[in-house]
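*Asks:* To be precise about what I am sending: the file is called entry-v7.txt and holds compact mmCIF, C-alpha atoms.
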# COMPACT_ATOMS: atom_id res chain seq x y z
CA MET A 1 25.29 -54.65 -22.28
CA GLN A 2 26.10 -54.34 -18.57
CA ARG A 3 28.24 -51.23 -19.26
CA ARG A 4 25.38 -49.58 -21.19
CA ALA A 5 22.98 -50.30 -18.31
CA PHE A 6 25.43 -48.83 -15.82
CA LEU A 7 25.85 -45.65 -17.90
CA TRP A 8 22.07 -45.27 -18.23
CA LEU A 9 21.71 -45.65 -14.44
CA LEU A 10 24.46 -43.07 -13.84
CA VAL A 11 22.90 -40.53 -16.21
CA SER A 12 19.42 -41.11 -14.78
CA SER A 13 20.67 -40.72 -11.23
CA GLY A 14 22.45 -37.49 -12.15
CA ALA A 15 19.33 -36.09 -13.79
CA ALA A 16 17.24 -36.99 -10.76
CA ALA A 17 19.80 -35.43 -8.45
CA SER A 18 19.83 -32.23 -10.52
CA GLN A 19 16.04 -32.09 -10.47
CA THR A 20 16.00 -32.60 -6.71
CA THR A 21 18.59 -29.85 -6.24
CA ALA A 22 16.57 -27.48 -8.43
CA GLN A 23 13.47 -28.19 -6.41
CA LEU A 24 15.29 -27.50 -3.16
CA VAL A 25 16.60 -24.12 -4.32
CA ALA A 26 13.44 -21.96 -4.30
CA PRO A 27 13.51 -18.86 -6.52
CA ARG A 28 13.62 -15.50 -4.75
CA GLU A 29 10.16 -13.95 -4.78
CA SER A 30 9.96 -10.76 -6.81
CA THR A 31 8.58 -7.60 -5.19
CA VAL A 32 6.36 -5.32 -7.26
CA VAL A 33 4.70 -2.04 -6.22
CA VAL A 34 1.23 -1.62 -7.78
CA LEU A 35 -0.41 1.81 -7.57
CA LEU A 36 -4.09 0.93 -7.16
CA GLY A 37 -5.26 4.41 -6.20
CA THR A 38 -3.24 7.62 -6.45
CA GLY A 39 -5.90 10.24 -5.83
CA MET A 40 -7.11 12.57 -3.10
CA PRO A 41 -10.54 13.24 -1.55
CA ARG A 42 -11.81 15.21 -4.56
CA PRO A 43 -13.41 12.55 -6.85
CA ASP A 44 -11.41 11.96 -10.03
CA PRO A 45 -12.42 9.17 -12.44
CA GLU A 46 -8.75 8.71 -13.35
CA ALA A 47 -7.42 8.45 -9.80
CA SER A 48 -9.09 6.21 -7.21
CA GLY A 49 -8.67 6.70 -3.48
CA PRO A 50 -5.32 5.99 -1.84
CA ALA A 51 -4.32 2.33 -2.04
CA THR A 52 -0.93 0.76 -2.79
CA ALA A 53 -0.20 -2.94 -3.15
CA ILE A 54 3.21 -4.47 -2.42
CA VAL A 55 3.14 -7.83 -4.18
CA VAL A 56 5.71 -10.37 -2.99
CA GLY A 57 5.44 -13.50 -5.09
CA GLU A 58 1.80 -14.52 -4.65
CA ARG A 59 1.24 -12.51 -1.47
CA VAL A 60 -0.46 -9.10 -1.63
CA PHE A 61 0.10 -6.52 1.10
CA LEU A 62 -2.20 -3.54 0.86
CA VAL A 63 -1.53 -0.08 2.31
CA ASP A 64 -4.77 1.89 2.78
CA ALA A 65 -8.18 1.15 1.30
CA GLY A 66 -9.51 4.18 -0.50
CA PRO A 67 -12.76 4.25 -2.53
CA GLY A 68 -12.86 1.68 -5.32
CA VAL A 69 -10.13 -0.55 -3.90
CA GLU A 70 -11.73 -3.91 -4.78
CA ARG A 71 -12.38 -2.84 -8.37
CA ARG A 72 -8.81 -1.61 -8.66
CA LEU A 73 -7.57 -4.96 -7.33
CA ALA A 74 -9.63 -6.66 -10.04
CA ALA A 75 -8.31 -4.29 -12.72
CA ALA A 76 -4.75 -5.06 -11.60
CA HIS A 77 -5.46 -8.82 -11.74
CA LEU A 78 -4.78 -9.15 -8.02
CA PRO A 79 -6.86 -11.28 -5.62
CA ILE A 80 -10.38 -10.02 -4.94
CA ASP A 81 -11.05 -12.79 -2.40
CA GLY A 82 -8.76 -11.33 0.24
CA VAL A 83 -5.32 -9.79 0.49
CA THR A 84 -2.61 -11.20 2.74
CA ALA A 85 -2.79 -8.19 5.06
CA LEU A 86 -4.02 -4.59 5.13
CA PHE A 87 -2.00 -1.76 6.69
CA VAL A 88 -3.86 1.49 7.39
CA THR A 89 -1.80 4.69 7.67
CA HIS A 90 -4.49 6.72 9.44
CA LEU A 91 -8.26 6.88 9.70
CA HIS A 92 -9.04 9.76 7.32
CA SER A 93 -12.12 8.85 5.28
CA ASP A 94 -10.38 8.93 1.88
CA HIS A 95 -7.98 6.23 3.13
CA THR A 96 -10.69 4.00 4.64
CA LEU A 97 -13.90 4.39 2.59
CA GLY A 98 -12.91 1.23 0.71
CA TYR A 99 -12.45 -0.73 3.96
CA PRO A 100 -16.05 -2.04 4.03
CA ASP A 101 -15.66 -2.94 0.35
CA LEU A 102 -12.50 -4.89 1.14
CA ILE A 103 -14.20 -6.69 4.05
CA PHE A 104 -17.47 -7.66 2.38
CA THR A 105 -16.63 -7.97 -1.30
CA SER A 106 -13.70 -10.28 -0.59
CA TRP A 107 -16.06 -12.41 1.55
CA VAL A 108 -18.66 -12.51 -1.22
CA MET A 109 -15.86 -13.50 -3.62
CA GLY A 110 -14.84 -16.44 -1.44
CA ARG A 111 -12.79 -15.29 1.54
CA ALA A 112 -13.25 -17.76 4.38
CA LYS A 113 -10.69 -16.63 6.96
CA PRO A 114 -10.33 -13.37 8.89
CA LEU A 115 -8.80 -10.40 7.09
CA ALA A 116 -5.62 -9.30 8.87
CA ALA A 117 -5.77 -5.52 9.36
CA TYR A 118 -3.11 -3.34 11.02
CA GLY A 119 -3.50 0.32 11.90
CA PRO A 120 -3.74 3.02 14.56
CA GLN A 121 -5.90 3.14 17.66
CA GLY A 122 -9.52 3.42 16.58
CA LEU A 123 -9.29 0.81 13.82
CA ARG A 124 -10.98 -1.78 16.02
CA ALA A 125 -13.90 0.53 16.81
CA MET A 126 -14.23 1.46 13.13
CA THR A 127 -14.30 -2.24 12.23
CA ASP A 128 -16.91 -3.06 14.86
CA HIS A 129 -19.15 -0.25 13.62
CA ILE A 130 -18.79 -1.41 9.99
CA LEU A 131 -19.78 -4.96 10.88
CA ALA A 132 -22.74 -3.65 12.90
CA ALA A 133 -23.87 -1.41 10.03
CA TRP A 134 -23.93 -4.37 7.62
CA ALA A 135 -25.46 -6.84 10.11
CA GLU A 136 -28.52 -7.47 7.92
CA ASP A 137 -26.34 -8.09 4.87
CA ILE A 138 -24.27 -10.57 6.90
CA ASP A 139 -27.42 -12.39 8.03
CA VAL A 140 -28.92 -12.65 4.54
CA ARG A 141 -25.68 -13.74 2.87
CA THR A 142 -25.02 -16.32 5.60
CA ASN A 143 -28.51 -17.75 6.11
CA GLY A 144 -30.19 -16.98 2.81
CA LEU A 145 -29.77 -18.70 -0.53
CA GLU A 146 -26.22 -17.40 -1.08
CA LYS A 147 -24.81 -19.57 1.73
CA ARG A 148 -21.57 -17.63 2.12
CA THR A 149 -18.98 -19.04 4.51
CA PRO A 150 -20.21 -18.30 8.05
CA GLY A 151 -17.82 -15.85 9.67
CA GLY A 152 -15.91 -15.27 6.43
CA TYR A 153 -16.43 -11.53 6.84
CA ARG A 154 -14.42 -11.40 10.08
CA VAL A 155 -11.43 -9.10 10.57
CA ASP A 156 -8.40 -9.77 12.77
CA VAL A 157 -7.60 -6.22 13.89
CA HIS A 158 -4.16 -5.26 15.22
CA GLU A 159 -3.94 -1.77 16.70
CA ILE A 160 -0.27 -0.88 16.43
CA GLY A 161 2.44 1.47 17.59
CA PRO A 162 5.83 2.28 16.05
CA GLY A 163 8.11 -0.69 15.40
CA VAL A 164 7.92 -4.05 13.63
CA VAL A 165 4.23 -4.92 13.23
CA TYR A 166 4.48 -7.89 10.84
CA ASP A 167 7.26 -10.42 10.23
CA SER A 168 6.45 -13.59 8.31
CA GLY A 169 7.79 -15.55 5.36
CA GLY A 170 10.67 -13.17 4.71
CA VAL A 171 8.51 -10.03 4.76
CA ARG A 172 9.02 -7.59 7.62
CA VAL A 173 6.82 -4.51 7.99
CA THR A 174 7.88 -1.66 10.26
CA ALA A 175 5.55 1.18 11.22
CA PHE A 176 6.89 4.65 12.00
CA GLY A 177 5.00 7.71 13.20
CA VAL A 178 4.56 10.71 10.90
CA GLU A 179 3.09 14.18 11.43
CA HIS A 180 -0.28 14.71 9.76
CA GLY A 181 -1.72 17.87 11.24
CA THR A 182 -4.04 17.28 14.19
CA TRP A 183 -4.23 13.50 13.84
CA ARG A 184 -3.00 11.91 17.07
CA GLU A 185 -1.75 8.86 15.18
CA ALA A 186 -0.58 8.57 11.59
CA TYR A 187 1.92 6.06 10.26
CA GLY A 188 4.16 5.32 7.34
CA TYR A 189 5.28 1.76 6.64
CA ARG A 190 8.56 0.20 5.54
CA PHE A 191 8.45 -3.21 3.80
CA ASP A 192 11.61 -5.30 3.72
CA THR A 193 11.29 -8.34 1.46
CA PRO A 194 13.85 -10.87 0.16
CA THR A 195 14.42 -8.73 -2.94
CA ARG A 196 13.47 -5.12 -2.19
CA SER A 197 12.76 -2.42 0.37
CA VAL A 198 9.71 -0.16 -0.02
CA VAL A 199 8.52 2.77 2.08
CA ILE A 200 4.99 4.21 1.92
CA SER A 201 4.83 7.67 3.49
CA GLY A 202 1.13 7.87 4.23
CA ASP A 203 -0.15 11.43 4.68
CA THR A 204 2.51 13.61 6.28
CA LYS A 205 4.25 16.93 6.42
CA PRO A 206 8.06 16.69 5.99
CA SER A 207 9.04 14.07 8.54
CA GLU A 208 12.39 13.30 10.18
CA SER A 209 11.10 9.88 11.28
CA LEU A 210 10.42 9.10 7.62
CA VAL A 211 13.95 10.20 6.67
CA ARG A 212 15.37 7.79 9.24
CA ALA A 213 13.08 4.90 8.26
CA ALA A 214 13.59 5.34 4.51
CA ALA A 215 17.34 5.97 4.32
CA GLY A 216 18.73 4.22 1.21
CA VAL A 217 15.41 2.48 0.44
CA ASP A 218 14.83 0.95 -2.99
CA VAL A 219 11.39 2.53 -3.54
CA LEU A 220 9.84 5.50 -1.75
CA VAL A 221 6.14 6.18 -2.41
CA HIS A 222 5.40 9.65 -1.06
CA GLU A 223 2.42 12.01 -1.06
CA VAL A 224 2.80 15.45 -2.70
CA TYR A 225 1.15 18.77 -3.51
CA PRO A 226 2.36 21.56 -5.86
CA GLY A 227 3.91 24.21 -3.65
CA ALA A 228 4.06 26.95 -6.28
CA ARG A 229 0.37 26.66 -7.16
CA MET A 230 -0.61 26.67 -3.50
CA ALA A 231 1.45 29.80 -2.85
CA ALA A 232 -0.09 31.53 -5.88
CA SER A 233 -3.68 30.67 -4.92
CA VAL A 234 -5.76 33.77 -4.18
CA THR A 235 -9.22 32.25 -4.37
CA GLU A 236 -9.06 29.92 -1.38
CA SER A 237 -9.52 30.67 2.28
CA THR A 238 -6.29 31.83 3.89
CA ARG A 239 -6.53 28.72 6.10
CA TRP A 240 -5.95 26.41 3.13
CA PRO A 241 -2.21 27.07 2.55
CA ALA A 242 -1.62 26.77 6.31
CA TYR A 243 -3.55 23.49 6.34
CA MET A 244 -1.42 22.11 3.50
CA ARG A 245 1.83 23.03 5.23
CA ASP A 246 0.75 21.32 8.45
CA PHE A 247 -0.76 18.19 6.90
CA HIS A 248 1.13 17.53 3.65
CA THR A 249 4.43 17.79 1.75
CA SER A 250 5.07 20.05 -1.24
CA ASP A 251 7.01 18.98 -4.31
CA VAL A 252 9.95 21.22 -3.38
CA GLU A 253 9.98 19.91 0.21
CA LEU A 254 9.84 16.34 -1.09
CA GLY A 255 12.81 16.98 -3.34
CA ARG A 256 14.85 18.09 -0.33
CA LEU A 257 13.79 15.00 1.63
CA ALA A 258 14.61 12.69 -1.28
CA ALA A 259 18.06 14.27 -1.63
CA ARG A 260 18.77 13.12 1.94
CA ILE A 261 17.07 9.72 1.68
CA ARG A 262 18.49 8.81 -1.77
CA PRO A 263 15.87 6.23 -2.81
CA LYS A 264 16.62 4.30 -5.97
CA LEU A 265 13.13 5.24 -7.15
CA LEU A 266 10.83 8.00 -5.89
CA ILE A 267 7.12 7.67 -6.76
CA LEU A 268 4.83 10.68 -6.28
CA SER A 269 1.37 9.51 -5.20
CA HIS A 270 -1.74 10.69 -3.29
CA ILE A 271 -1.37 13.77 -5.50
CA ILE A 272 -3.21 16.93 -4.45
CA ARG A 273 -2.88 18.40 -7.93
CA ARG A 274 -4.51 21.83 -7.74
CA GLY A 275 -4.29 21.77 -11.54
CA ALA A 276 -0.56 21.03 -11.66
CA THR A 277 0.82 18.90 -14.48
CA ASP A 278 3.18 15.97 -14.02
CA GLU A 279 5.96 18.16 -15.39
CA GLU A 280 5.34 20.89 -12.80
CA LEU A 281 5.45 18.38 -9.95
CA LEU A 282 8.64 16.81 -11.27
CA ALA A 283 10.27 20.21 -11.71
CA GLY A 284 9.62 21.04 -8.06
CA VAL A 285 11.15 17.77 -6.87
CA ARG A 286 14.16 18.10 -9.20
CA GLN A 287 15.18 21.41 -7.68
CA SER A 288 16.99 19.26 -5.08
CA PHE A 289 16.75 15.59 -6.13
CA ASP A 290 18.60 14.27 -9.18
CA GLY A 291 17.63 10.61 -8.82
CA ARG A 292 14.92 8.64 -10.60
CA VAL A 293 11.45 10.05 -9.94
CA VAL A 294 8.05 9.34 -11.51
CA VAL A 295 4.51 10.62 -11.06
CA ALA A 296 2.13 7.78 -10.22
CA HIS A 297 -1.01 6.93 -12.15
CA ASP A 298 -3.54 4.28 -11.20
CA LEU A 299 -2.62 0.66 -12.05
CA GLU A 300 1.03 1.37 -12.84
CA ARG A 301 3.58 -1.21 -11.66
CA TYR A 302 7.13 -0.64 -10.50
Please go through the file and, once you have read it, give me the structure as structure tokens.

*Replies:*
Amino acid sequence: MQRRAFLWLLVSSGAAASQTTAQLVAPRESTVVVLLGTGMPRPDPEASGPATAIVVGERVFLVDAGPGVERRLAAAHLPIDGVTALFVTHLHSDHTLGYPDLIFTSWVMGRAKPLAAYGPQGLRAMTDHILAAWAEDIDVRTNGLEKRTPGGYRVDVHEIGPGVVYDSGGVRVTAFGVEHGTWREAYGYRFDTPTRSVVISGDTKPSESLVRAAAGVDVLVHEVYPGARMAASVTESTRWPAYMRDFHTSDVELGRLAARIRPKLLILSHIIRRGATDEELLAGVRQSFDGRVVVAHDLERY
């Protein structure tokens, strides 16, 4: 009888020890890239404005806030009551028209603490003007029958420069400058998480700083336009091809960049299609890059 009791105690203690050990060893958080918006300024019902989510476990890091961003978050089953942090590449309207939506809709949906927002000089002024423009809405929602959390609409703005701009809980975000025409400041971002590295190009012409920041990255999300169609265009102003060369990256140029960077996965996003098919874009990239490449569509996950 005593021996049986001893064995039971030994087995029970072992089980408890195993359970404690399992609890102490936390699983590595997965990292998933969610394409919330893959479009350009021209309205397209199938492609919302630029917005990419990097989901690390239960945390959601958002790059850019194009039109429709909150509805795309809802469609992707991601939090609509506030993301962990927002990173803005530059202040072009198609990348920021969803910023007021992100601020106010997340508050209406329950956000009670400031939204952390990182971006170039001018983001603070943009934020102040947005809050001023919706001052009456803030007053009614705070003091009227809705009784939203006072101050829940606030934004904690960080105007950044190149370098590490966020480092918390195993996620490090590094900003690097890119060339986007006449914009004084435009950034790409590199995310290093416990399980993956991801680079978001933002809007840019072919960039050596991006090549350096993205070398050997797991996932590269890069903007693109179809070079062949642009060169063949005879209906547009002669300024348009020059604009594209100075502000953006063609499929053929991107292929050359990717051949140097060697990402494990290249995702073509913020697509200025000009009527090009997925196959045409891929063919341009594959002139130089033989790695894995896909054309992004809204709500896809990688």

*Asks:* Using only C-alpha atoms, find each residue of segment 179-225 of chain A with at least one atom at most 12 Å away from an atom of segment 95-103 of chain A; report its shortest atom-to-atom pair and that distance in Å (one decimal), sort the rows by chain and rising residue number, and return the result as CSV.

*Replies:*
residue,atom,partner,partner_atom,distance
A:Ala186,CA,A:His95,CA,11.5
A:Gly202,CA,A:His95,CA,9.3
A:Asp203,CA,A:His95,CA,9.5

*Asks:* Go through A:Ala132, A:Leu254, A:Val155, A:Ile267 one by one, measure the shortest atom-to-atom distance of each to Gln287 of chain A using all atoms listed in the file, and give the residue with the smallest value.

*Replies:* A:Leu254

*Asks:* Which residues are near segment 105-114 of chain A? Cut-off 10 Å, only C-alpha atoms, ignore same chain within fewer than 6 positions. Put them as a list in words.

*Replies:*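 Non-adjacent residues within range: Glu70, Arg71, Pro79, Ile80, Asp81, Gly82, Val83, Ala85, Tyr99, Ile138, Arg141, Glu146, Lys147, Arg148, Thr149, Pro150, Gly151, Gly152, Tyr153, Arg154, Val155, Asp156 and Val157 of chain A.
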
*Asks:* Write out as a ChimeraX atom specification which residues come within 10 Å of Pro206 of chain A when counting all atoms listed in the file, dropping same-chain ones fewer than 5 positions away.

*Replies:* /A:178-180,201,211,245-250,253-254,256-257

*Asks:* Identify which of the residues A:Val56, A:Val219, A:Leu78, A:Ile160 lies closest to Leu299 of chain A, counting all atoms listed in the file when measuring atom-to-atom distances.

*Replies:*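 Of A:Val56, A:Val219, A:Leu78, A:Ile160, the one nearest Leu299 of chain A, counting all atoms listed in the file, is A:Leu78.
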
*Asks:* From the set A:Val221, A:His77, A:Gly227, A:Gly68, which residue has the shortest atom-to-atom contact distance to Ala242 of chain A, counting all atoms listed in the file?

*Replies:*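 Under the stated criterion, the closest residue is A:Gly227.
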
*Asks:* Taking into account only C-alpha atoms, which residue in the set A:Leu268, A:Ile54, A:Ala65, A:Val217 is nearest to Val171 of chain A?

*Replies:* A:Ile54

*Asks:* So, counting all atoms listed in the file, which residue among A:Arg59, A:Arg172, A:Arg124, A:Arg72 is closest to Glu46 of chain A?

*Replies:* A:Arg72

*Asks:* As a PyMOL selection string, please: the residues near Leu86 of chain A (cut-off 8 Å, only C-alpha atoms, same-chain neighbours under 3 positions excluded).

*Replies:* chain A and resi 61-64+83+115-118

*Asks:* Which residues are near Val173 of chain A? Cut-off 9 Å, only C-alpha atoms, ignore same chain within fewer than 5 positions. Put them as a list in words.

*Replies:*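 Residues near the query, excluding close chain neighbours: Gly163, Val164, Val165, Tyr166, Asp167, Tyr189, Arg190, Phe191, Asp192 and Thr193 of chain A.
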
*Asks:* Selection from above, C-alpha atoms, as a PDB file, in the coordinates of the input, can you write it?

*Replies:*
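The file below, part.pdb, is the result:
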ATOM      1  CA  GLY A 163       8.110  -0.690  15.400  1.00  0.00           C
ATOM      2  CA  VAL A 164       7.920  -4.050  13.630  1.00  0.00           C
ATOM      3  CA  VAL A 165       4.230  -4.920  13.230  1.00  0.00           C
ATOM      4  CA  TYR A 166       4.480  -7.890  10.840  1.00  0.00           C
ATOM      5  CA  ASP A 167       7.260 -10.420  10.230  1.00  0.00           C
ATOM      6  CA  TYR A 189       5.280   1.760   6.640  1.00  0.00           C
ATOM      7  CA  ARG A 190       8.560   0.200   5.540  1.00  0.00           C
ATOM      8  CA  PHE A 191       8.450  -3.210   3.800  1.00  0.00           C
ATOM      9  CA  ASP A 192      11.610  -5.300   3.720  1.00  0.00           C
ATOM     10  CA  THR A 193      11.290  -8.340   1.460  1.00  0.00           C
TER      11      THR A 193
END

*Asks:* Identify which of the residues A:Ala276, A:Ile271, A:Val199, A:Gly170 lies closest to Asp298 of chain A, counting all atoms listed in the file when measuring atom-to-atom distances.

*Replies:*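 Closest to Asp298 of chain A of all the choices is A:Ile271.
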
*Asks:* Give me, as a PyMOL selection string, all polymer residues having an atom no more than 10 Å from Gly122 of chain A, counting all atoms listed in the file and skipping those fewer than 2 positions away in the same chain.

*Replies:* chain A and resi 90-91+119-120+124-128+159+185

*Asks:* Can you measure atom CA of Leu210 of chain A to atom CA of Gly275 of chain A for me? One decimal in Å is fine.

*Replies:*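 We find that atom CA of Leu210 of chain A and atom CA of Gly275 of chain A lie 27.3 Å from each other.
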
*Asks:* Using all atoms listed in the file, list the residues that have an atom at most 10 Å from (17.5, 8.1, -9.6), coordinates as in the file, as a list in words.

*Replies:*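 With a cut-off of 10 Å, the residues come to Ala258, Arg262, Pro263, Lys264, Leu265, Leu266, Phe289, Asp290, Gly291, Arg292, Val293 and Val294 of chain A.
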
*Asks:* Mind completing segment 237-258 of chain A with N, CA and C atoms? Output as a compact mmCIF listing (two decimals), in the coordinates of the input, please?

*Replies:*
# COMPACT_ATOMS: atom_id res chain seq x y z
N SER A 237 -9.63 30.14 0.93
CA SER A 237 -9.52 30.67 2.28
C SER A 237 -8.04 30.73 2.68
N THR A 238 -7.69 31.72 3.46
CA THR A 238 -6.29 31.83 3.89
C THR A 238 -5.88 30.66 4.78
N ARG A 239 -6.87 29.89 5.29
CA ARG A 239 -6.53 28.72 6.10
C ARG A 239 -5.97 27.58 5.25
N TRP A 240 -6.30 27.55 3.95
CA TRP A 240 -5.95 26.41 3.13
C TRP A 240 -4.44 26.21 2.98
N PRO A 241 -3.66 27.27 2.63
CA PRO A 241 -2.21 27.07 2.55
C PRO A 241 -1.61 26.62 3.89
N ALA A 242 -2.11 27.17 4.99
CA ALA A 242 -1.62 26.77 6.31
C ALA A 242 -1.95 25.30 6.58
N TYR A 243 -3.16 24.90 6.19
CA TYR A 243 -3.55 23.49 6.34
C TYR A 243 -2.59 22.59 5.57
N MET A 244 -2.29 22.94 4.32
CA MET A 244 -1.42 22.11 3.50
C MET A 244 -0.04 21.99 4.12
N ARG A 245 0.49 23.07 4.63
CA ARG A 245 1.83 23.03 5.23
C ARG A 245 1.88 22.14 6.46
N ASP A 246 0.76 22.08 7.20
CA ASP A 246 0.75 21.32 8.45
C ASP A 246 0.39 19.85 8.24
N PHE A 247 -0.27 19.55 7.12
CA PHE A 247 -0.76 18.19 6.90
C PHE A 247 -0.02 17.45 5.78
N HIS A 248 0.62 18.17 4.86
CA HIS A 248 1.13 17.53 3.65
C HIS A 248 2.53 18.04 3.28
N THR A 249 3.07 17.49 2.18
CA THR A 249 4.43 17.79 1.75
C THR A 249 4.41 18.32 0.33
N SER A 250 5.03 19.48 0.11
CA SER A 250 5.07 20.05 -1.24
C SER A 250 6.12 19.35 -2.09
N ASP A 251 6.04 19.58 -3.40
CA ASP A 251 7.01 18.98 -4.31
C ASP A 251 8.43 19.44 -4.01
N VAL A 252 8.62 20.72 -3.70
CA VAL A 252 9.95 21.22 -3.38
C VAL A 252 10.46 20.61 -2.07
N GLU A 253 9.59 20.54 -1.07
CA GLU A 253 9.98 19.91 0.21
C GLU A 253 10.34 18.44 0.00
N LEU A 254 9.57 17.75 -0.84
CA LEU A 254 9.84 16.34 -1.09
C LEU A 254 11.18 16.15 -1.78
N GLY A 255 11.52 17.06 -2.69
CA GLY A 255 12.81 16.98 -3.34
C GLY A 255 13.95 17.07 -2.33
N ARG A 256 13.80 17.96 -1.36
CA ARG A 256 14.85 18.09 -0.33
C ARG A 256 14.95 16.82 0.52
N LEU A 257 13.78 16.25 0.87
CA LEU A 257 13.79 15.00 1.63
C LEU A 257 14.45 13.88 0.84
N ALA A 258 14.08 13.76 -0.44
CA ALA A 258 14.61 12.69 -1.28
C ALA A 258 16.12 12.83 -1.46
